[in-house]
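The structure appears below as structure tokens.
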Amino acid sequence: MDKNRTLIVGSIGLDTIETVSDRKESILGGSATYATIAAGKSSSVHLVGIVGSDFPGNAMKIFEQSTVDLSNLDKKKGETFRWGAKYASDWDNRETLFTELGVFKDFNPVLTERNKEVPVIFLANIHPQLQLSVLNQCNKKECVIIDTMNLWIDTEKQKLKEVISNCDVLILNEFEAEQFTRRKDHDDQGTVLQSLGPQNIIIKCGSKGAKLYSGHRLDTIGVFPVDSVIDPTGAGDAFGGGVASSLANGDTLIESIINGAALASLTIEGFGIDTVYDASLEEVNKRKEHIRTTLNS
Ligand code: AMP
């Protein structure tokens with residue numbers, strides 16, 4: 001009965017995004033936001049996060065629709081987390097223009113009794129101390145998945161190692177894996193990262209797909225081909241949310257990565273949350289069918 005519940009903690013924010021052809025200001029973003037929208041399509045999401053008094057009511061409605069439990073979504077006087085970024089034409093280079101933690105600075109959630117019992121936990125990208133504090137309050141921890149970013153590898157590596165050592169699945173992109181391990185080869189990165197604790201390491205390689213190091217096994221999973229990328233923001237978070245929700249439903253890790261990859265492909269086809277939020281389960285399933293054909297090919 002508990003099987004399909006996922007606890008998600010991460011940032012909820014207002015993003016300002018510049019691409020070569022467009023600019024949008026203060027649109028709904030944040031790692032937990034993308035993860036929740038993705039995971040909410042097929043699992044019951046319990047969201048842990050905080051927003052400020054400037055958080056728009058219509059954005060709150062999106063959380064009401066995508067979750068079953070908002071008892072740990074705090075609303076405090078002050079500014080919502082804000083992040084600004086600019087993409088180069090090749091999409092690979094993203095410059096962070098600003099990160100304003102706002103109400104996240106002093107966020108110290110106390111999980112409700114119900115949220116402590118959720119068996120699958122996705123620690124989406126946020127300060128490792130916050131990831132750890134949420135994890136330490138959870139009683140079940142049947143499956144713990146963690147995502148992070150270059151900023152925390154740079155500034156909080158020890159704390160991050162502590163969280164990673166308590167996880168079952170670590171998700172990183174190939175640049176973060178190299179930054180963390182100081183190794184260039186993916187196989188070496190997988191071995192170093194497994195030695196920290198988690199036996200399942202997912203290395204995301206953008207349009208080249210993802211690699212799964214699980215015990216001694218390596219599997220490769222491709223992508224759903226997208227004709228035109230509009231905004232890649234949040235693709236990694238939607239991927240993580242898709243992995244977590246699929247694991248909560250009892251799927252294999254490979255099938256979970258296929259779900260994550262389908263949701264990531266939808267995310268990059270529109271600005272902000274737009275396309276992934278609007279996508280039907282039929283569309284997700286159609287993309288999963290294609291991605292399945294790329295397994296280990
Ligand atoms: P991604 O494109 O998957 O790397 O995720 C982008 C999302 O992460 C944006 O919507 C941001 O609001 C959020 N984000 C950016 N920097 C941080 C940070 N330092 N901590 C938490 N979330 C962040």
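Just so we're on the same page: first chain in the structure tokens is A, next is B, and so on; residues restart at 1 for each chain, and ligands are numbered from 1 in the order they show up.
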request  = Would you return as number ranges by chain the members of stretch 5-225 of chain A that DSSP assigns to strand (DSSP E) on this structure's backbone?
outcome  = A: 5-9, 13-18, 23-29, 44-51, 69-75, 81-87, 94-100, 120-123, 143-147, 169-173, 200-204, 210-214, 217-221
task = Would you mind listing the residues within 9 Å of ligand 1, counting only C-alpha atoms and all ligand atoms, as a PyMOL selection string?
result = chain A and resi 10-16+27-34+81-85+96+98-101+124-127+148-152+231-240+272-273
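Distance annotation: of A:Val226, A:Leu295, A:Cys205, A:Val103, the residue with the minimal separation from A:Gly270 is A:Val226; atom set is only C-alpha atoms.
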inquiry  = Taking 2 positions as the minimum chain separation for residues in the same chain, which residues sit within 9 Å of A:Gln129 when counting only C-alpha atoms? Answer as a ChimeraX atom specification.
reply    = /A:126-127,131-134,156,159-160,163
Can you write out the residues you just picked, keeping all heavy atoms, as an mmCIF file, in the first residue's frame?
```cif
data_model
loop_
_atom_site.group_PDB
_atom_site.id
_atom_site.type_symbol
_atom_site.label_atom_id
_atom_site.label_comp_id
_atom_site.auth_asym_id
_atom_site.auth_seq_id
_atom_site.Cartn_x
_atom_site.Cartn_y
_atom_site.Cartn_z
ATOM 1 N N ILE A 126 19.885 20.340 -3.582
ATOM 2 C CA ILE A 126 19.780 21.438 -2.603
ATOM 3 C C ILE A 126 20.988 21.278 -1.685
ATOM 4 O O ILE A 126 21.726 20.296 -1.791
ATOM 5 C CB ILE A 126 18.413 21.378 -1.836
ATOM 6 C CG1 ILE A 126 18.129 22.678 -1.066
ATOM 7 C CG2 ILE A 126 18.356 20.181 -0.898
ATOM 8 C CD1 ILE A 126 17.766 23.859 -1.914
ATOM 9 N N HIS A 127 21.186 22.200 -0.751
ATOM 10 C CA HIS A 127 22.327 22.118 0.171
ATOM 11 C C HIS A 127 22.367 20.735 0.852
ATOM 12 O O HIS A 127 21.357 20.278 1.394
ATOM 13 C CB HIS A 127 22.199 23.217 1.226
ATOM 14 C CG HIS A 127 23.472 23.455 1.975
ATOM 15 N ND1 HIS A 127 24.045 22.495 2.785
ATOM 16 C CD2 HIS A 127 24.296 24.515 1.999
ATOM 17 C CE1 HIS A 127 25.171 22.972 3.295
ATOM 18 N NE2 HIS A 127 25.345 24.200 2.835
ATOM 19 N N GLN A 131 19.548 18.112 2.792
ATOM 20 C CA GLN A 131 19.278 16.730 2.355
ATOM 21 C C GLN A 131 19.450 15.780 3.537
ATOM 22 O O GLN A 131 18.620 14.914 3.796
ATOM 23 C CB GLN A 131 20.227 16.335 1.222
ATOM 24 C CG GLN A 131 20.012 17.093 -0.072
ATOM 25 C CD GLN A 131 20.984 16.684 -1.166
ATOM 26 O OE1 GLN A 131 22.185 16.537 -0.905
ATOM 27 N NE2 GLN A 131 20.506 16.532 -2.384
ATOM 28 N N LEU A 132 20.560 15.983 4.281
ATOM 29 C CA LEU A 132 20.875 15.086 5.394
ATOM 30 C C LEU A 132 19.851 15.226 6.522
ATOM 31 O O LEU A 132 19.424 14.230 7.115
ATOM 32 C CB LEU A 132 22.283 15.409 5.919
ATOM 33 C CG LEU A 132 22.925 14.364 6.792
ATOM 34 C CD1 LEU A 132 23.110 13.056 6.037
ATOM 35 C CD2 LEU A 132 24.278 14.863 7.307
ATOM 36 N N SER A 133 19.460 16.459 6.796
ATOM 37 C CA SER A 133 18.531 16.669 7.907
ATOM 38 C C SER A 133 17.184 16.003 7.602
ATOM 39 O O SER A 133 16.567 15.409 8.497
ATOM 40 C CB SER A 133 18.416 18.160 8.209
ATOM 41 O OG SER A 133 17.112 18.602 8.143
ATOM 42 N N VAL A 134 16.735 16.049 6.350
ATOM 43 C CA VAL A 134 15.476 15.378 5.991
ATOM 44 C C VAL A 134 15.662 13.865 6.081
ATOM 45 O O VAL A 134 14.861 13.147 6.686
ATOM 46 C CB VAL A 134 15.017 15.813 4.573
ATOM 47 C CG1 VAL A 134 13.902 14.916 4.060
ATOM 48 C CG2 VAL A 134 14.573 17.267 4.599
ATOM 49 N N GLU A 156 30.826 22.028 -0.574
ATOM 50 C CA GLU A 156 30.350 21.219 0.568
ATOM 51 C C GLU A 156 30.659 19.739 0.346
ATOM 52 O O GLU A 156 29.837 18.878 0.643
ATOM 53 C CB GLU A 156 28.822 21.394 0.731
ATOM 54 C CG GLU A 156 28.367 22.774 1.099
ATOM 55 C CD GLU A 156 28.693 23.146 2.542
ATOM 56 O OE1 GLU A 156 28.986 22.233 3.342
ATOM 57 O OE2 GLU A 156 28.658 24.339 2.846
ATOM 58 N N LYS A 159 30.277 17.201 3.406
ATOM 59 C CA LYS A 159 28.872 17.004 3.803
ATOM 60 C C LYS A 159 28.146 16.170 2.730
ATOM 61 O O LYS A 159 27.371 15.267 3.048
ATOM 62 C CB LYS A 159 28.240 18.388 3.961
ATOM 63 C CG LYS A 159 26.913 18.480 4.611
ATOM 64 C CD LYS A 159 26.710 17.766 5.906
ATOM 65 C CE LYS A 159 27.243 18.419 7.137
ATOM 66 N NZ LYS A 159 27.091 17.609 8.361
ATOM 67 N N LEU A 160 28.478 16.470 1.481
ATOM 68 C CA LEU A 160 27.863 15.742 0.362
ATOM 69 C C LEU A 160 28.238 14.255 0.422
ATOM 70 O O LEU A 160 27.394 13.372 0.232
ATOM 71 C CB LEU A 160 28.318 16.380 -0.955
ATOM 72 C CG LEU A 160 27.694 15.885 -2.240
ATOM 73 C CD1 LEU A 160 26.174 15.996 -2.196
ATOM 74 C CD2 LEU A 160 28.233 16.696 -3.426
ATOM 75 N N VAL A 163 26.078 12.487 2.893
ATOM 76 C CA VAL A 163 24.731 12.159 2.401
ATOM 77 C C VAL A 163 24.819 10.982 1.429
ATOM 78 O O VAL A 163 24.047 10.029 1.525
ATOM 79 C CB VAL A 163 24.055 13.348 1.652
ATOM 80 C CG1 VAL A 163 22.557 13.106 1.537
ATOM 81 C CG2 VAL A 163 24.308 14.665 2.327
#
```
key: Pick from A:Thr6, A:Ser246, A:Asn259, A:Thr191 nearest to A:Val48, counting only C-alpha atoms   = A:Thr6
ask   = Could you write out, as a ChimeraX atom specification, all the residues of stretch 90-235 of chain A that DSSP marks as helix (DSSP H, G or I)?
value = /A:102-106,113-116,128-137,150-155,157-164,174-181,186-194,206-208,235
Requested write-out: C-alpha atoms of the selected residues, as a short mmCIF file (atom, residue, chain, number, x, y, z; two decimals), in the first residue's frame:
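Okay, part.cif is ready:
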```cif
data_model
loop_
_atom_site.label_atom_id
_atom_site.label_comp_id
_atom_site.auth_asym_id
_atom_site.auth_seq_id
_atom_site.Cartn_x
_atom_site.Cartn_y
_atom_site.Cartn_z
CA GLY A 102 15.89 33.69 0.28
CA VAL A 103 13.72 31.73 2.73
CA PHE A 104 15.78 28.57 2.05
CA LYS A 105 18.65 30.13 4.06
CA ASP A 106 17.09 29.27 7.44
CA GLU A 113 4.73 11.86 11.30
CA ARG A 114 3.17 10.81 7.97
CA ASN A 115 6.09 12.10 5.93
CA LYS A 116 8.61 10.29 8.14
CA PRO A 128 23.61 18.71 1.42
CA GLN A 129 22.93 19.73 5.03
CA LEU A 130 19.23 20.07 4.23
CA GLN A 131 19.28 16.73 2.35
CA LEU A 132 20.87 15.09 5.39
CA SER A 133 18.53 16.67 7.91
CA VAL A 134 15.48 15.38 5.99
CA LEU A 135 17.02 11.94 5.51
CA ASN A 136 17.85 11.63 9.21
CA GLN A 137 14.19 12.15 10.10
CA ASN A 150 28.67 21.45 -9.18
CA LEU A 151 28.15 24.18 -6.56
CA TRP A 152 27.89 21.68 -3.67
CA ILE A 153 30.75 19.53 -5.01
CA ASP A 154 32.86 22.72 -4.90
CA THR A 155 31.77 24.08 -1.56
CA LYS A 157 32.12 18.06 -0.58
CA GLN A 158 32.52 16.50 2.89
CA LYS A 159 28.87 17.00 3.80
CA LEU A 160 27.86 15.74 0.36
CA LYS A 161 29.96 12.58 0.86
CA GLU A 162 28.13 11.99 4.12
CA VAL A 163 24.73 12.16 2.40
CA ILE A 164 25.91 10.02 -0.52
CA GLU A 174 29.15 13.47 -16.55
CA PHE A 175 30.71 16.85 -15.69
CA GLU A 176 29.78 16.51 -12.03
CA ALA A 177 31.07 12.92 -11.98
CA GLU A 178 34.44 14.13 -13.31
CA GLN A 179 34.51 17.09 -10.91
CA PHE A 180 33.73 14.83 -7.94
CA THR A 181 36.09 11.96 -8.75
CA HIS A 186 33.15 6.87 -16.74
CA ASP A 187 34.00 3.35 -15.56
CA ASP A 188 36.58 4.78 -13.15
CA GLN A 189 34.09 7.39 -11.99
CA GLY A 190 31.52 4.66 -11.35
CA THR A 191 34.01 2.66 -9.27
CA VAL A 192 35.09 5.66 -7.19
CA LEU A 193 31.50 6.74 -6.56
CA GLN A 194 30.41 3.19 -5.60
CA GLY A 206 23.05 14.62 -22.03
CA SER A 207 21.94 13.75 -25.55
CA LYS A 208 24.16 10.62 -25.42
CA ALA A 235 15.79 18.19 -17.26
#
```
I want to know what sits within 12 Å of A:Ser228, based on only C-alpha atoms, with residues of the same chain fewer than 5 positions away left out; could you give that as a short mmCIF file (atom, residue, chain, number, x, y, z; two decimals) with all heavy atoms, in the first residue's frame?
```cif
data_model
loop_
_atom_site.label_atom_id
_atom_site.label_comp_id
_atom_site.auth_asym_id
_atom_site.auth_seq_id
_atom_site.Cartn_x
_atom_site.Cartn_y
_atom_site.Cartn_z
N ASP A 90 25.07 26.39 -27.82
CA ASP A 90 25.24 24.93 -27.88
C ASP A 90 24.56 24.21 -26.70
O ASP A 90 24.63 23.00 -26.60
CB ASP A 90 26.73 24.56 -27.91
CG ASP A 90 27.46 25.02 -26.65
OD1 ASP A 90 26.78 25.57 -25.73
OD2 ASP A 90 28.67 24.84 -26.57
N TRP A 91 23.94 24.94 -25.81
CA TRP A 91 23.23 24.43 -24.62
C TRP A 91 24.17 23.85 -23.57
O TRP A 91 23.79 23.70 -22.42
CB TRP A 91 22.18 23.36 -24.97
CG TRP A 91 21.09 23.83 -25.87
CD1 TRP A 91 20.82 23.36 -27.11
CD2 TRP A 91 20.13 24.87 -25.61
NE1 TRP A 91 19.75 24.02 -27.65
CE2 TRP A 91 19.31 24.95 -26.75
CE3 TRP A 91 19.87 25.71 -24.54
CZ2 TRP A 91 18.25 25.86 -26.85
CZ3 TRP A 91 18.83 26.62 -24.64
CH2 TRP A 91 18.04 26.68 -25.78
N SER A 265 13.12 14.38 -21.61
CA SER A 265 12.96 14.80 -23.01
C SER A 265 11.78 15.77 -23.15
O SER A 265 11.81 16.70 -23.94
CB SER A 265 12.79 13.58 -23.93
OG SER A 265 11.51 13.00 -23.80
N LEU A 266 10.74 15.55 -22.35
CA LEU A 266 9.59 16.46 -22.40
C LEU A 266 9.95 17.82 -21.82
O LEU A 266 9.52 18.86 -22.32
CB LEU A 266 8.43 15.84 -21.60
CG LEU A 266 7.72 14.71 -22.32
CD1 LEU A 266 7.01 13.80 -21.34
CD2 LEU A 266 6.74 15.28 -23.34
N THR A 267 10.76 17.81 -20.78
CA THR A 267 11.12 19.07 -20.10
C THR A 267 11.83 20.03 -21.04
O THR A 267 11.56 21.23 -21.03
CB THR A 267 12.01 18.75 -18.87
OG1 THR A 267 11.33 17.80 -18.05
CG2 THR A 267 12.31 20.00 -18.06
N ILE A 268 12.74 19.51 -21.85
CA ILE A 268 13.57 20.40 -22.67
C ILE A 268 12.83 20.93 -23.91
O ILE A 268 13.31 21.81 -24.59
CB ILE A 268 14.89 19.73 -23.09
CG1 ILE A 268 14.67 18.55 -24.06
CG2 ILE A 268 15.65 19.24 -21.88
CD1 ILE A 268 15.98 17.89 -24.50
N GLU A 269 11.65 20.40 -24.15
CA GLU A 269 10.90 20.85 -25.34
C GLU A 269 10.12 22.14 -25.12
O GLU A 269 9.51 22.66 -26.06
CB GLU A 269 9.92 19.74 -25.78
CG GLU A 269 10.61 18.66 -26.58
CD GLU A 269 9.65 17.62 -27.11
OE1 GLU A 269 8.44 17.69 -26.85
OE2 GLU A 269 10.14 16.69 -27.76
N GLY A 270 10.10 22.64 -23.89
CA GLY A 270 9.37 23.88 -23.64
C GLY A 270 10.10 24.72 -22.61
O GLY A 270 11.09 24.27 -22.02
N PHE A 271 9.62 25.93 -22.39
CA PHE A 271 10.23 26.80 -21.38
C PHE A 271 9.76 26.39 -19.99
O PHE A 271 8.57 26.11 -19.81
CB PHE A 271 9.84 28.25 -21.65
CG PHE A 271 11.03 29.12 -21.84
CD1 PHE A 271 11.42 29.51 -23.10
CD2 PHE A 271 11.79 29.50 -20.74
CE1 PHE A 271 12.55 30.29 -23.28
CE2 PHE A 271 12.91 30.28 -20.91
CZ PHE A 271 13.30 30.67 -22.18
#
```
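Taking only C-alpha atoms into account, A:Leu172 lies nearest to A:Ile202 out of the set A:Ala38, A:Ile202, A:Ile221, A:Val118.
Separating atom CA of A:Glu64 from atom CA of A:Glu255 is a distance of 27.3 Å.
With only C-alpha atoms as the basis for measurement, A:Leu73 is the residue among A:Ala262, A:Leu73, A:Lys288, A:Asn58 that approaches A:Asn108 most closely.
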key: Spatial neighbours of A:His46, max dist 9 Å, only C-alpha atoms, sep filter under 2 positions, as a VMD selection string   = chain A and resid 5 to 9 36 44 48 67 to 72 115 118
request  = With a distance cut-off of 10 Å and only C-alpha atoms, select the neighbouring residues of A:Asn4, excluding the residue or stretch itself and same-chain residues fewer than 3 positions from it, and output the selection as a ChimeraX atom specification.
outcome  = /A:1,42-45,118-120,244-250
Save the residues we just selected, all heavy atoms, as a short mmCIF file (atom, residue, chain, number, x, y, z; two decimals), in the first residue's frame?
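Wrote it out as part17.cif, contents follow:
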```cif
data_model
loop_
_atom_site.label_atom_id
_atom_site.label_comp_id
_atom_site.auth_asym_id
_atom_site.auth_seq_id
_atom_site.Cartn_x
_atom_site.Cartn_y
_atom_site.Cartn_z
N MET A 1 0.83 -1.20 0.00
CA MET A 1 0.00 0.00 0.00
C MET A 1 0.87 1.26 0.00
O MET A 1 0.58 2.26 -0.62
CB MET A 1 -0.88 -0.04 1.24
CG MET A 1 -1.78 1.18 1.41
SD MET A 1 -2.57 1.04 3.00
CE MET A 1 -2.76 2.75 3.41
N SER A 42 3.05 9.62 -11.85
CA SER A 42 2.81 8.19 -11.62
C SER A 42 3.03 7.75 -10.17
O SER A 42 3.02 6.57 -9.89
CB SER A 42 3.72 7.36 -12.54
OG SER A 42 5.06 7.66 -12.27
N SER A 43 3.26 8.70 -9.26
CA SER A 43 3.34 8.29 -7.86
C SER A 43 2.76 9.39 -6.98
O SER A 43 2.50 10.50 -7.44
CB SER A 43 4.79 7.99 -7.45
OG SER A 43 5.51 9.17 -7.21
N SER A 44 2.56 9.05 -5.71
CA SER A 44 1.97 10.01 -4.76
C SER A 44 3.11 10.76 -4.09
O SER A 44 3.87 10.19 -3.31
CB SER A 44 1.17 9.25 -3.70
OG SER A 44 0.23 8.43 -4.33
N VAL A 45 3.23 12.05 -4.41
CA VAL A 45 4.38 12.82 -3.94
C VAL A 45 4.06 13.56 -2.64
O VAL A 45 3.02 14.21 -2.51
CB VAL A 45 4.83 13.84 -5.01
CG1 VAL A 45 5.95 14.73 -4.48
CG2 VAL A 45 5.30 13.11 -6.28
N VAL A 118 7.36 7.72 4.66
CA VAL A 118 7.39 7.49 3.21
C VAL A 118 8.63 6.66 2.86
O VAL A 118 9.74 7.02 3.26
CB VAL A 118 7.36 8.83 2.43
CG1 VAL A 118 7.45 8.58 0.93
CG2 VAL A 118 6.10 9.62 2.77
N PRO A 119 8.47 5.55 2.13
CA PRO A 119 9.59 4.62 1.95
C PRO A 119 10.62 5.02 0.91
O PRO A 119 11.79 4.66 1.02
CB PRO A 119 8.90 3.32 1.52
CG PRO A 119 7.59 3.72 0.96
CD PRO A 119 7.19 5.00 1.62
N VAL A 120 10.18 5.75 -0.14
CA VAL A 120 11.13 6.14 -1.20
C VAL A 120 11.39 7.63 -1.07
O VAL A 120 10.46 8.44 -1.02
CB VAL A 120 10.58 5.77 -2.59
CG1 VAL A 120 11.49 6.30 -3.69
CG2 VAL A 120 10.45 4.25 -2.70
N ALA A 244 12.80 8.22 -9.35
CA ALA A 244 12.28 7.95 -8.00
C ALA A 244 10.86 7.40 -8.04
O ALA A 244 10.55 6.42 -7.34
CB ALA A 244 12.34 9.24 -7.17
N SER A 245 9.99 8.00 -8.86
CA SER A 245 8.59 7.55 -8.86
C SER A 245 8.48 6.14 -9.42
O SER A 245 7.68 5.32 -8.94
CB SER A 245 7.71 8.51 -9.65
OG SER A 245 8.14 8.60 -10.98
N SER A 246 9.30 5.83 -10.41
CA SER A 246 9.27 4.51 -11.00
C SER A 246 9.76 3.47 -9.98
O SER A 246 9.19 2.38 -9.85
CB SER A 246 10.18 4.54 -12.23
OG SER A 246 9.75 3.70 -13.22
N LEU A 247 10.81 3.81 -9.24
CA LEU A 247 11.30 2.91 -8.19
C LEU A 247 10.23 2.71 -7.12
O LEU A 247 10.04 1.61 -6.61
CB LEU A 247 12.59 3.45 -7.57
CG LEU A 247 13.84 3.36 -8.46
CD1 LEU A 247 15.01 4.10 -7.82
CD2 LEU A 247 14.23 1.90 -8.71
N ALA A 248 9.51 3.79 -6.81
CA ALA A 248 8.43 3.68 -5.81
C ALA A 248 7.34 2.73 -6.29
O ALA A 248 6.68 2.07 -5.48
CB ALA A 248 7.84 5.06 -5.53
N ASN A 249 7.18 2.64 -7.58
CA ASN A 249 6.16 1.73 -8.14
C ASN A 249 6.68 0.31 -8.30
O ASN A 249 5.99 -0.55 -8.85
CB ASN A 249 5.68 2.26 -9.49
CG ASN A 249 4.75 3.44 -9.31
OD1 ASN A 249 3.95 3.45 -8.38
ND2 ASN A 249 4.86 4.45 -10.16
N GLY A 250 7.91 0.06 -7.87
CA GLY A 250 8.45 -1.29 -7.91
C GLY A 250 9.14 -1.65 -9.22
O GLY A 250 9.46 -2.82 -9.47
#
```
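With only C-alpha atoms as the atoms that count, the residue of A:Ile37, A:Ile145, A:Ile254, A:Ile121 with the shortest distance to A:Ala59 is A:Ile37.
Across the model, the gap from atom CA of A:Thr220 to atom CA of A:Thr294 is 8.1 Å.
Considering the residues A:Cys138, A:Ala88, A:Val110, A:Ile171 and counting only C-alpha atoms, A:Ile50 has its shortest atom-to-atom contact with A:Val110.
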